[in-house]
file run_37.cif (mmCIF, C-alpha atoms)
data_input
loop_
_atom_site.label_atom_id
_atom_site.label_comp_id
_atom_site.auth_asym_id
_atom_site.auth_seq_id
_atom_site.Cartn_x
_atom_site.Cartn_y
_atom_site.Cartn_z
CA MET A 1 -75.43 -119.04 139.79
CA ASN A 2 -78.06 -121.13 138.01
CA VAL A 3 -79.02 -124.29 139.89
CA PRO A 4 -81.12 -126.83 137.95
CA PHE A 5 -83.78 -128.89 139.66
CA GLY A 6 -82.32 -131.94 137.98
CA ASP A 7 -79.86 -132.53 135.16
CA SER A 8 -79.85 -135.91 133.45
CA ARG A 9 -76.99 -134.76 131.21
CA ARG A 10 -74.62 -134.78 134.17
CA GLU A 11 -75.58 -138.37 134.93
CA VAL A 12 -75.13 -139.42 131.31
CA GLU A 13 -71.65 -137.92 131.19
CA GLU A 14 -70.72 -139.71 134.41
CA ILE A 15 -71.55 -143.16 132.99
CA ARG A 16 -71.60 -142.58 129.22
CA PRO A 17 -69.16 -145.40 128.25
CA GLU A 18 -71.19 -147.97 130.23
CA ILE A 19 -74.50 -146.79 128.79
CA GLU A 20 -73.24 -146.71 125.22
CA ALA A 21 -71.84 -150.23 125.59
CA ALA A 22 -75.16 -151.47 126.98
CA ILE A 23 -77.17 -149.95 124.13
CA ARG A 24 -74.67 -151.22 121.57
CA GLY A 25 -75.10 -154.71 122.98
CA VAL A 26 -78.83 -154.57 122.40
CA LEU A 27 -78.41 -153.26 118.87
CA ASP A 28 -75.90 -156.01 118.10
CA SER A 29 -78.25 -158.68 119.45
CA GLY A 30 -81.11 -157.70 117.15
CA TRP A 31 -83.61 -158.58 119.92
CA PHE A 32 -85.64 -155.67 121.30
CA ILE A 33 -88.66 -157.02 123.24
CA LEU A 34 -88.62 -159.42 126.24
CA GLY A 35 -85.14 -160.78 125.72
CA GLU A 36 -82.12 -161.54 127.86
CA ASN A 37 -81.63 -157.99 129.12
CA VAL A 38 -85.14 -157.89 130.57
CA LYS A 39 -84.63 -161.28 132.19
CA ARG A 40 -81.25 -160.28 133.65
CA PHE A 41 -82.58 -156.98 134.94
CA GLU A 42 -85.62 -158.64 136.52
CA GLU A 43 -83.36 -161.08 138.36
CA ALA A 44 -80.97 -158.32 139.49
CA PHE A 45 -83.74 -155.96 140.58
CA ALA A 46 -85.56 -158.69 142.51
CA ALA A 47 -82.31 -159.43 144.35
CA TYR A 48 -81.79 -155.73 145.05
CA CYS A 49 -85.30 -155.42 146.47
CA GLY A 50 -84.88 -158.58 148.55
CA VAL A 51 -87.80 -160.38 146.89
CA ASP A 52 -88.19 -163.51 144.81
CA HIS A 53 -89.81 -162.01 141.73
CA ALA A 54 -89.65 -158.88 139.59
CA VAL A 55 -91.60 -158.36 136.36
CA GLY A 56 -90.60 -155.54 134.03
CA VAL A 57 -93.48 -153.51 132.57
CA GLY A 58 -94.03 -150.38 130.52
CA SER A 59 -94.25 -147.73 133.25
CA GLY A 60 -94.80 -147.16 136.94
CA THR A 61 -98.48 -146.44 136.35
CA GLU A 62 -98.84 -149.72 134.51
CA ALA A 63 -96.93 -151.51 137.25
CA LEU A 64 -99.47 -150.31 139.78
CA HIS A 65 -102.38 -151.06 137.45
CA LEU A 66 -101.25 -154.62 136.72
CA ALA A 67 -100.46 -155.26 140.39
CA LEU A 68 -104.00 -154.22 141.31
CA VAL A 69 -105.55 -156.40 138.62
CA ALA A 70 -103.35 -159.32 139.68
CA CYS A 71 -104.69 -158.85 143.24
CA GLY A 72 -108.23 -159.22 141.92
CA VAL A 73 -109.25 -155.55 141.87
CA GLY A 74 -111.94 -154.84 139.31
CA HIS A 75 -115.02 -152.82 138.42
CA GLY A 76 -117.06 -151.58 141.34
CA ASP A 77 -114.29 -152.14 143.89
CA GLU A 78 -112.69 -149.52 146.12
CA VAL A 79 -108.97 -148.95 146.64
CA ILE A 80 -107.71 -146.82 149.52
CA THR A 81 -104.77 -144.48 148.94
CA VAL A 82 -103.69 -140.92 149.82
CA PRO A 83 -104.74 -137.62 148.19
CA ASN A 84 -101.29 -135.99 148.08
CA THR A 85 -99.79 -138.35 145.53
CA ALA A 86 -99.26 -137.91 141.80
CA VAL A 87 -102.45 -138.39 139.82
CA PRO A 88 -101.04 -141.53 138.14
CA THR A 89 -101.59 -143.40 141.43
CA ALA A 90 -105.31 -142.72 141.09
CA SER A 91 -105.14 -143.32 137.33
CA ALA A 92 -103.91 -146.87 137.92
CA ILE A 93 -106.84 -147.50 140.26
CA SER A 94 -109.20 -146.13 137.62
CA PHE A 95 -107.61 -148.31 134.94
CA ALA A 96 -108.46 -151.34 137.06
CA GLY A 97 -112.08 -150.19 137.11
CA ALA A 98 -112.04 -149.34 140.80
CA ARG A 99 -112.87 -146.20 142.73
CA PRO A 100 -110.12 -144.35 144.63
CA VAL A 101 -110.90 -143.74 148.31
CA PHE A 102 -108.58 -141.42 150.21
CA VAL A 103 -107.27 -141.15 153.74
CA ASP A 104 -105.30 -138.21 155.05
CA VAL A 105 -101.58 -138.24 155.80
CA GLU A 106 -99.36 -137.72 158.83
CA PRO A 107 -98.41 -134.05 159.39
CA ASP A 108 -94.67 -134.68 159.75
CA THR A 109 -93.94 -137.25 157.03
CA LEU A 110 -96.92 -136.57 154.70
CA LEU A 111 -97.28 -140.36 154.39
CA MET A 112 -100.45 -142.43 154.83
CA ASN A 113 -101.81 -142.14 158.37
CA PRO A 114 -102.53 -145.72 159.53
CA ASP A 115 -104.81 -144.40 162.30
CA LEU A 116 -107.33 -143.38 159.63
CA LEU A 117 -107.44 -146.66 157.72
CA GLU A 118 -110.07 -148.57 159.69
CA GLN A 119 -112.74 -145.94 159.17
CA ALA A 120 -112.13 -145.93 155.40
CA ILE A 121 -112.47 -149.70 154.93
CA THR A 122 -115.80 -150.95 153.55
CA PRO A 123 -116.99 -154.28 152.13
CA LYS A 124 -116.00 -152.89 148.72
CA THR A 125 -112.35 -152.28 149.70
CA LYS A 126 -110.20 -154.66 147.67
CA ALA A 127 -106.73 -153.13 148.09
CA ILE A 128 -104.79 -150.51 150.04
CA VAL A 129 -102.10 -148.49 148.26
CA PRO A 130 -99.69 -146.68 150.58
CA VAL A 131 -97.53 -144.23 148.65
CA HIS A 132 -93.86 -144.13 149.63
CA LEU A 133 -93.64 -140.42 148.86
CA PHE A 134 -90.50 -138.35 148.28
CA GLY A 135 -88.19 -141.35 148.92
CA GLN A 136 -89.47 -142.51 152.32
CA MET A 137 -91.58 -145.56 153.03
CA ALA A 138 -94.90 -145.21 154.82
CA ASP A 139 -95.48 -147.16 158.05
CA VAL A 140 -96.09 -150.23 155.96
CA GLY A 141 -95.91 -152.62 158.92
CA ARG A 142 -98.95 -151.08 160.61
CA ILE A 143 -100.74 -150.70 157.29
CA VAL A 144 -100.23 -154.37 156.44
CA GLU A 145 -101.36 -155.45 159.91
CA ILE A 146 -104.63 -153.54 159.54
CA ALA A 147 -105.16 -154.58 155.92
CA HIS A 148 -104.51 -158.28 156.45
CA ALA A 149 -106.82 -158.33 159.47
CA HIS A 150 -109.54 -157.49 156.94
CA GLY A 151 -108.21 -159.84 154.25
CA ILE A 152 -107.15 -156.92 152.05
CA PRO A 153 -103.90 -156.96 150.02
CA VAL A 154 -101.41 -154.10 150.26
CA VAL A 155 -100.03 -152.81 146.97
CA GLU A 156 -97.10 -150.49 147.69
CA ASP A 157 -96.61 -147.51 145.39
CA ALA A 158 -92.81 -147.46 145.45
CA CYS A 159 -92.38 -145.25 142.40
CA GLN A 160 -90.30 -142.76 144.44
CA ALA A 161 -88.66 -145.25 146.81
CA HIS A 162 -85.88 -147.16 145.05
CA GLY A 163 -83.64 -148.40 147.87
CA ALA A 164 -85.77 -146.95 150.69
CA GLU A 165 -86.23 -149.10 153.80
CA TRP A 166 -88.68 -149.64 156.63
CA HIS A 167 -86.90 -151.40 159.52
CA GLY A 168 -84.42 -152.91 157.08
CA LYS A 169 -87.05 -154.07 154.58
CA ARG A 170 -87.63 -152.66 151.12
CA PRO A 171 -90.91 -152.22 149.22
CA GLY A 172 -92.36 -155.60 148.31
CA GLN A 173 -90.92 -157.34 151.34
CA VAL A 174 -93.69 -156.26 153.72
CA GLY A 175 -96.67 -155.55 151.49
CA ASP A 176 -98.07 -158.17 149.13
CA VAL A 177 -96.61 -156.49 146.06
CA ALA A 178 -94.87 -153.24 145.12
CA ALA A 179 -94.88 -151.12 141.97
CA TYR A 180 -91.85 -149.17 140.76
CA SER A 181 -91.42 -146.49 138.12
CA PHE A 182 -88.26 -146.01 136.09
CA TYR A 183 -89.18 -142.59 134.73
CA PRO A 184 -85.89 -140.82 133.91
CA SER A 185 -85.90 -138.58 136.99
CA LYS A 186 -86.34 -141.44 139.48
CA ASN A 187 -83.52 -142.61 141.74
CA LEU A 188 -83.22 -145.51 139.28
CA GLY A 189 -84.42 -144.08 135.98
CA ALA A 190 -84.51 -145.37 132.44
CA TYR A 191 -83.90 -143.15 129.42
CA GLY A 192 -87.56 -143.46 128.53
CA ASP A 193 -90.51 -145.09 130.26
CA GLY A 194 -90.36 -148.28 132.29
CA GLY A 195 -91.60 -149.93 135.46
CA ALA A 196 -91.54 -153.13 137.48
CA VAL A 197 -93.72 -155.14 139.83
CA VAL A 198 -91.92 -156.93 142.68
CA THR A 199 -93.28 -159.54 145.08
CA ASN A 200 -92.52 -162.67 147.06
CA ASP A 201 -95.79 -164.24 145.90
CA PRO A 202 -95.17 -166.55 142.92
CA GLU A 203 -98.84 -166.58 141.90
CA LEU A 204 -99.04 -162.78 141.86
CA ALA A 205 -95.83 -162.62 139.85
CA GLN A 206 -97.17 -165.15 137.36
CA ARG A 207 -100.40 -163.17 136.90
CA VAL A 208 -98.48 -159.94 136.27
CA TRP A 209 -96.18 -161.81 133.88
CA LEU A 210 -99.25 -162.91 131.90
CA LEU A 211 -101.05 -159.56 132.10
CA ARG A 212 -98.11 -157.56 130.72
CA ASN A 213 -98.05 -159.52 127.44
CA TYR A 214 -101.65 -160.03 126.30
CA GLY A 215 -102.26 -162.87 128.76
CA GLN A 216 -100.25 -165.35 126.71
CA LYS A 217 -98.17 -168.18 128.16
CA LYS A 218 -96.58 -168.73 124.78
CA ARG A 219 -96.96 -166.83 121.56
CA TYR A 220 -100.53 -166.80 120.21
CA TYR A 221 -101.90 -168.89 123.12
CA HIS A 222 -103.75 -166.64 125.56
CA SER A 223 -104.99 -167.93 128.92
CA ILE A 224 -106.39 -164.63 130.28
CA VAL A 225 -107.34 -161.20 128.95
CA GLY A 226 -104.18 -159.13 129.24
CA PHE A 227 -102.51 -155.90 128.20
CA ASN A 228 -99.45 -154.67 126.33
CA SER A 229 -97.07 -153.37 129.00
CA ARG A 230 -93.54 -154.57 128.39
CA LEU A 231 -90.20 -153.21 129.50
CA ASP A 232 -88.13 -153.08 126.32
CA GLU A 233 -84.61 -154.44 125.92
CA VAL A 234 -82.89 -151.07 125.52
CA GLN A 235 -84.37 -149.71 128.75
CA ALA A 236 -83.65 -152.96 130.57
CA ALA A 237 -80.00 -152.82 129.50
CA ILE A 238 -79.75 -149.20 130.67
CA LEU A 239 -81.41 -150.01 134.00
CA LEU A 240 -79.20 -153.03 134.55
CA THR A 241 -76.16 -150.81 134.02
CA LYS A 242 -77.44 -148.07 136.33
CA LEU A 243 -78.53 -150.48 139.08
CA SER A 244 -74.89 -150.99 140.09
CA HIS A 245 -74.69 -147.23 140.82
CA LEU A 246 -77.97 -146.92 142.72
CA ASP A 247 -76.69 -147.37 146.27
CA ALA A 248 -73.87 -144.87 145.76
CA TRP A 249 -76.25 -142.37 144.17
CA ASN A 250 -78.73 -142.82 147.04
CA GLU A 251 -75.98 -142.21 149.57
CA ARG A 252 -75.01 -139.06 147.68
CA ARG A 253 -78.65 -137.92 147.91
CA ARG A 254 -78.58 -138.57 151.66
CA ASN A 255 -75.36 -136.57 151.99
CA LEU A 256 -76.88 -133.69 150.05
CA ALA A 257 -79.95 -133.86 152.29
CA ARG A 258 -77.74 -133.65 155.37
CA ARG A 259 -76.05 -130.59 153.86
CA TYR A 260 -79.45 -128.96 153.27
CA LEU A 261 -80.66 -129.87 156.78
CA SER A 262 -77.54 -128.47 158.40
CA GLY A 263 -77.57 -125.28 156.36
CA LEU A 264 -81.28 -124.63 156.84
CA GLU A 265 -81.45 -125.34 160.56
CA GLY A 266 -83.26 -122.45 162.22
CA ALA A 267 -84.23 -120.90 158.89
CA HIS A 268 -87.93 -120.60 159.77
CA LEU A 269 -89.27 -123.25 157.43
CA SER A 270 -90.30 -126.88 157.92
CA LEU A 271 -87.70 -129.46 156.89
CA PRO A 272 -88.09 -133.11 155.86
CA VAL A 273 -88.30 -135.70 158.64
CA GLU A 274 -86.76 -139.17 158.46
CA ALA A 275 -89.11 -141.25 160.60
CA PRO A 276 -87.67 -143.73 163.12
CA GLY A 277 -86.74 -147.05 161.56
CA ARG A 278 -86.80 -145.67 158.01
CA LYS A 279 -84.11 -145.08 155.42
CA HIS A 280 -85.04 -142.04 153.35
CA VAL A 281 -83.45 -142.00 149.88
CA PHE A 282 -84.54 -138.42 149.11
CA HIS A 283 -86.00 -138.80 145.66
CA LEU A 284 -87.17 -135.29 146.52
CA PHE A 285 -86.09 -132.81 149.19
CA VAL A 286 -89.33 -131.11 150.18
CA VAL A 287 -89.54 -128.13 152.54
CA ARG A 288 -92.63 -126.24 153.72
CA HIS A 289 -93.18 -122.52 154.09
CA PRO A 290 -96.46 -120.61 154.66
CA ASP A 291 -95.52 -118.16 151.88
CA ARG A 292 -94.37 -120.86 149.48
CA ASP A 293 -95.21 -119.05 146.26
CA ALA A 294 -93.18 -116.00 147.25
CA LEU A 295 -90.27 -118.24 148.27
CA GLN A 296 -90.41 -120.03 144.93
CA THR A 297 -90.41 -116.72 143.06
CA HIS A 298 -87.50 -115.47 145.17
CA LEU A 299 -85.46 -118.56 144.30
CA GLN A 300 -86.43 -118.44 140.63
CA ASP A 301 -85.27 -114.82 140.41
CA ARG A 302 -81.89 -115.95 141.77
CA GLY A 303 -81.47 -118.81 139.34
CA VAL A 304 -82.70 -121.68 141.51
CA LYS A 305 -85.18 -124.04 139.85
CA THR A 306 -87.80 -125.59 142.13
CA LEU A 307 -90.99 -127.63 141.64
CA ILE A 308 -94.11 -128.45 143.65
CA HIS A 309 -94.99 -132.10 144.29
CA TYR A 310 -97.97 -131.67 144.13
CA PRO A 311 -99.91 -128.37 143.96
CA VAL A 312 -103.43 -129.87 143.84
CA PRO A 313 -104.43 -132.97 145.85
CA VAL A 314 -106.01 -135.69 143.74
CA HIS A 315 -109.47 -135.36 145.31
CA LEU A 316 -109.60 -131.70 144.19
CA GLN A 317 -108.46 -132.38 140.63
CA GLU A 318 -111.10 -131.72 137.97
CA ALA A 319 -110.71 -135.27 136.65
CA TYR A 320 -111.74 -136.72 140.03
CA ARG A 321 -114.59 -134.39 140.95
CA PHE A 322 -116.95 -137.29 140.33
CA LEU A 323 -115.74 -138.87 143.57
CA GLY A 324 -117.67 -136.21 145.46
CA TYR A 325 -114.95 -134.93 147.77
CA THR A 326 -114.90 -131.25 148.65
CA GLU A 327 -112.26 -128.88 149.98
CA GLY A 328 -111.59 -129.59 153.64
CA ALA A 329 -112.02 -133.35 153.34
CA PHE A 330 -108.31 -134.00 153.98
CA PRO A 331 -106.95 -130.97 155.83
CA VAL A 332 -103.38 -132.18 156.33
CA ALA A 333 -102.84 -132.99 152.65
CA GLU A 334 -104.60 -129.81 151.55
CA GLN A 335 -102.55 -127.54 153.82
CA ALA A 336 -99.34 -129.25 152.73
CA ALA A 337 -100.19 -128.65 149.06
CA LYS A 338 -100.19 -124.90 149.78
CA GLU A 339 -96.80 -124.96 151.51
CA ILE A 340 -94.55 -127.63 150.00
CA LEU A 341 -91.61 -126.83 147.73
CA SER A 342 -89.15 -129.30 146.24
CA LEU A 343 -85.56 -128.07 146.17
CA PRO A 344 -82.91 -129.22 143.67
CA MET A 345 -81.93 -132.82 144.43
CA PHE A 346 -80.00 -135.24 142.23
CA PRO A 347 -76.74 -137.16 142.78
CA GLN A 348 -74.67 -134.94 140.52
CA LEU A 349 -75.74 -131.76 142.33
CA ARG A 350 -72.62 -130.00 143.62
CA ASP A 351 -72.03 -128.99 147.23
CA ASP A 352 -71.53 -125.36 146.24
CA GLU A 353 -74.90 -125.41 144.47
CA VAL A 354 -76.59 -126.67 147.63
CA ASP A 355 -74.83 -123.96 149.63
CA TYR A 356 -76.06 -121.35 147.17
CA VAL A 357 -79.67 -122.60 147.49
CA VAL A 358 -79.36 -122.50 151.28
CA GLU A 359 -77.98 -118.96 151.15
CA GLN A 360 -80.88 -117.76 149.00
CA ILE A 361 -83.48 -119.39 151.25
CA ARG A 362 -81.94 -117.89 154.37
CA ASP A 363 -81.93 -114.51 152.65
CA PHE A 364 -85.71 -114.90 152.18
CA THR A 365 -86.62 -116.29 155.60
CA GLY A 366 -84.37 -113.93 157.56
#
call {"tool": "encode", "arguments": {"input": "run_37.cif", "output": "structure tokens"}}
result
Amino acid sequence: MNVPFGDSRREVEEIRPEIEAAIRGVLDSGWFILGENVKRFEEAFAAYCGVDHAVGVGSGTEALHLALVACGVGHGDEVITVPNTAVPTASAISFAGARPVFVDVEPDTLLMNPDLLEQAITPKTKAIVPVHLFGQMADVGRIVEIAHAHGIPVVEDACQAHGAEWHGKRPGQVGDVAAYSFYPSKNLGAYGDGGAVVTNDPELAQRVWLLRNYGQKKRYYHSIVGFNSRLDEVQAAILLTKLSHLDAWNERRRNLARRYLSGLEGAHLSLPVEAPGRKHVFHLFVVRHPDRDALQTHLQDRGVKTLIHYPVPVHLQEAYRFLGYTEGAFPVAEQAAKEILSLPMFPQLRDDEVDYVVEQIRDFTG
């Protein structure tokens, strides 16, 4: 059996008539940038997230970048985040002119460790970016409590957390603002690039709204220096269509995760943990094994596609050597990078495919 890591074609076939109708509607309208579909999606996504405002932008990286700029982050500032995220998290901080500062993660969830925040805060710290990794929210309540005690905004990286919850609240409801990605493989993915910034703060929303479109309140009248980062009408129409499926798809992911967890119990590898008070939406199903590379090769040889999210922590990436971190700076994140393996996980994955993956892993672990 060949088991793909993901397969967008299965999703397309599941909802093809709806998607084709949505795209046809955009083509028939003749309006392709910042039109009614963007407006309708922003309203629907804000409601889904339980916040007052959503602003569609060009990508998740740009969502994070514009959110940071809207919070006042600029050149010479520091922004605290985690080292085991995708490099685009750090890229967004760099785009804002700031310097990424890292704190290590919790051993069980691999999410930002709030106990380490205080010691990382300096007079230059202008934002804290917890990353809701793999589909589970960080302990954003504690993070916000610490950050706000220092007058620092919290910008949630929710690019892998569509529908995830912390004590019943979704990204953007606890922190000051949250950034989402709609990259095609996300729980809510476009068929191209896209992103959104969500918040309950009307002033933050207004600044992002200006920043995404050259800083103009109306065409050719610019009140601030802005950027070009706009969610287009085709992607907005696709996302609006897919949003109605998101909860069902997330529940399917959770069911698949339960099947993995049940099948792999006692299989001599570390399994994902859903922390108390959280709702994990399993954007990724990540296991850990001390001989990860051999396990990955074993699965590949048996037709199972896996990936590593992420093999090199950001502070050890060549692009970020200038920060001055060395190996050993963040031992939990560094050890995890040597052991983590993402198994196939997408709503259209079949039960028998999960069972096959489980069988092959158990064959390896004994």
call {"tool": "closest_residue", "arguments": {"input": "run_37.cif", "among": "A:Gly72, A:Gly141, A:Gly192, A:Gly50", "to": "Gly163 (chain A)", "atoms": "only C-alpha atoms"}}
result
A:Gly50
call {"tool": "resolve_selection", "arguments": {"input": "run_37.cif", "expression": "the PyMOL selection byres ((chain A and resi 127-129) around 8)", "output": "ChimeraX atom specification"}}
result
/A:68,71,73,78-82,125-126,130-131,147,152-157
call {"tool": "closest_residue", "arguments": {"input": "run_37.cif", "among": "A:Leu27, A:Val354, A:Leu243, A:Val273", "to": "Cys49 (chain A)", "atoms": "only C-alpha atoms"}}
result
A:Leu243
call {"tool": "atom_distance", "arguments": {"input": "run_37.cif", "atom1": "CA of Thr365 (chain A)", "atom2": "CA of Asp291 (chain A)"}}
result
9.8 Å
call {"tool": "residues_around", "arguments": {"input": "run_37.cif", "residues": "region 324-334 of chain A", "least_positions_apart": "4", "cutoff": "8 Å", "atoms": "all atoms listed in the file", "output": "PyMOL selection string"}}
result
chain A and resi 83-84+103-107+110+312-313+315-316+338
call {"tool": "closest_residue", "arguments": {"input": "run_37.cif", "among": "A:Pro114, A:Asn2, A:Thr199, A:Val69", "to": "Val225 (chain A)", "atoms": "only C-alpha atoms"}}
result
A:Val69
call {"tool": "closest_residue", "arguments": {"input": "run_37.cif", "among": "A:Trp249, A:Pro184, A:Ala158, A:Ala96", "to": "Gly226 (chain A)", "atoms": "all atoms listed in the file"}}
result
A:Ala96
call {"tool": "residues_around", "arguments": {"input": "run_37.cif", "residues": "Arg292 (chain A)", "least_positions_apart": "4", "cutoff": "10 Å", "atoms": "all atoms listed in the file", "output": "ChimeraX atom specification"}}
result
/A:269,287-288,296-298,308,337-341
call {"tool": "residues_around", "arguments": {"input": "run_37.cif", "residues": "Ala44 (chain A)", "least_positions_apart": "4", "cutoff": "9 Å", "atoms": "all atoms listed in the file", "output": "VMD selection string"}}
result
chain A and resid 39 to 40 48 to 49 54 240 243
call {"tool": "closest_residue", "arguments": {"input": "run_37.cif", "among": "A:Thr241, A:Thr306, A:Gln216, A:Thr89", "to": "Gly60 (chain A)", "atoms": "all atoms listed in the file"}}
result
A:Thr89
call {"tool": "closest_residue", "arguments": {"input": "run_37.cif", "among": "A:Val140, A:Leu64, A:Leu117, A:Ala161", "to": "Lys279 (chain A)", "atoms": "only C-alpha atoms"}}
result
A:Ala161
call {"tool": "resolve_selection", "arguments": {"input": "run_37.cif", "expression": "the PyMOL selection byres ((chain A and resi 92) around 9)", "output": "list of chain:residue names"}}
result
A:Thr61, A:Glu62, A:Ala63, A:Leu64, A:His65, A:Leu66, A:Leu68, A:Val87, A:Pro88, A:Thr89, A:Ala90, A:Ser91, A:Ile93, A:Ser94, A:Phe95, A:Ala96, A:Gly97, A:Ala98
call {"tool": "resolve_selection", "arguments": {"input": "run_37.cif", "expression": "the PyMOL selection byres ((chain A and resi 252-268) around 9)", "output": "number ranges by chain"}}
result
A: 247-251, 269-272, 280-283, 285, 289, 345-351, 354-355, 357-359, 361-362, 365-366
call {"tool": "atom_distance", "arguments": {"input": "run_37.cif", "atom1": "CA of Ala178 (chain A)", "atom2": "CA of Tyr220 (chain A)"}}
result
28.9 Å
call {"tool": "atom_distance", "arguments": {"input": "run_37.cif", "atom1": "CA of Gly303 (chain A)", "atom2": "CA of Arg16 (chain A)"}}
result
27.7 Å
call {"tool": "decode", "arguments": {"input": "run_37.cif", "residues": "region 160-176 of chain A", "atoms": "C-alpha atoms", "output": "compact mmCIF listing (two decimals), in the first residue's frame"}}
result
# COMPACT_ATOMS: atom_id res chain seq x y z
CA GLN A 160 -1.39 25.60 12.18
CA ALA A 161 -4.32 26.09 14.56
CA HIS A 162 -7.55 26.67 12.63
CA GLY A 163 -10.31 25.72 15.08
CA ALA A 164 -7.96 24.87 17.97
CA GLU A 165 -9.02 25.98 21.45
CA TRP A 166 -7.53 26.90 24.80
CA HIS A 167 -10.20 26.59 27.51
CA GLY A 168 -12.90 27.19 24.91
CA LYS A 169 -11.20 30.20 23.32
CA ARG A 170 -9.66 30.33 19.87
CA PRO A 171 -6.56 32.21 18.68
CA GLY A 172 -7.19 35.95 18.76
CA GLN A 173 -9.59 35.76 21.68
CA VAL A 174 -6.88 35.67 24.36
CA GLY A 175 -3.86 37.28 22.74
CA ASP A 176 -3.98 40.77 21.28
